[in-house]
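Presented below is the structure to which this report refers.
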Amino acid sequence: MHLNIHALTKTTVGLAMILENEVRIQMAKVISQEISISDFVLWIMSNSWNMDQDSSPDVVDLVSSIHLLLAERDDSSIDDATFLSQLHALNMKITKFIEVVETPKAQSPMLNISFSASRKSAWVASLAALL
């Protein structure tokens with residue numbers, strides 16, 4: 001009899017942090033049923049166990065919210081359909097993306113900001129206050 005055991009954690013030289021885009025991709029996969037909830041749980045738990053040491057505050061908040069949803073699912077406070085619905089709502093929350101575009105020296109650099117429509121007025125007001 002031959003037994004294969006696979007570790008739940010991945011080893012990456014120099015990059016152990018969990019990234020927000022990776023989390024959101026896995027969230028989208030489970031919401032669209034490309035992967036099972038069990039596979040999603042294994043992925044999130046194995047990739048987030050040390051996130052407080054090396055990941056951004058935004059991804060720590062996101063993954064902590066996912067952990068809370070999983071705890072509610074585990075104690076049967078919510079069913080799978082509710083879990084997926086709340087996970088979808090969480091995935092739809094604003095993501096910040098700022099890109100500085102290189103321009104010729106005669107022009108000022110351009111700043112592209114992407115955000116969800118639901119938060120547009122707050123972002124515009126915040127940006128206007130900075131300018």
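Residues are referred to by chain and number: the chain letter is A, B, ... according to the order shown in the structure tokens, the number counts from 1 in that chain, and ligands are numbered separately from 1 in the order shown.
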
Members of region 6-89 of chain A assigned alpha helix (DSSP H) by DSSP, as a ChimeraX atom specification: /A:20-31,37-48,51-54,57-74,80-89

Shell of 12 Å around Leu90 (chain A), only C-alpha atoms, local chain residues under 6 positions omitted, as a count of residues only: 16

Near-region 53-57 of chain A list (9 Å; only C-alpha atoms; drop same-chain fewer than 2 positions) as a ChimeraX atom specification: /A:15-20,50-51,59-62

Nearest residue to Phe40 (chain A) from the set A:Glu22, A:Asp58, A:Glu72, A:Asp79 (distances using only C-alpha atoms):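 Of A:Glu22, A:Asp58, A:Glu72, A:Asp79, the one nearest Phe40 (chain A) is A:Glu22, counting only C-alpha atoms.
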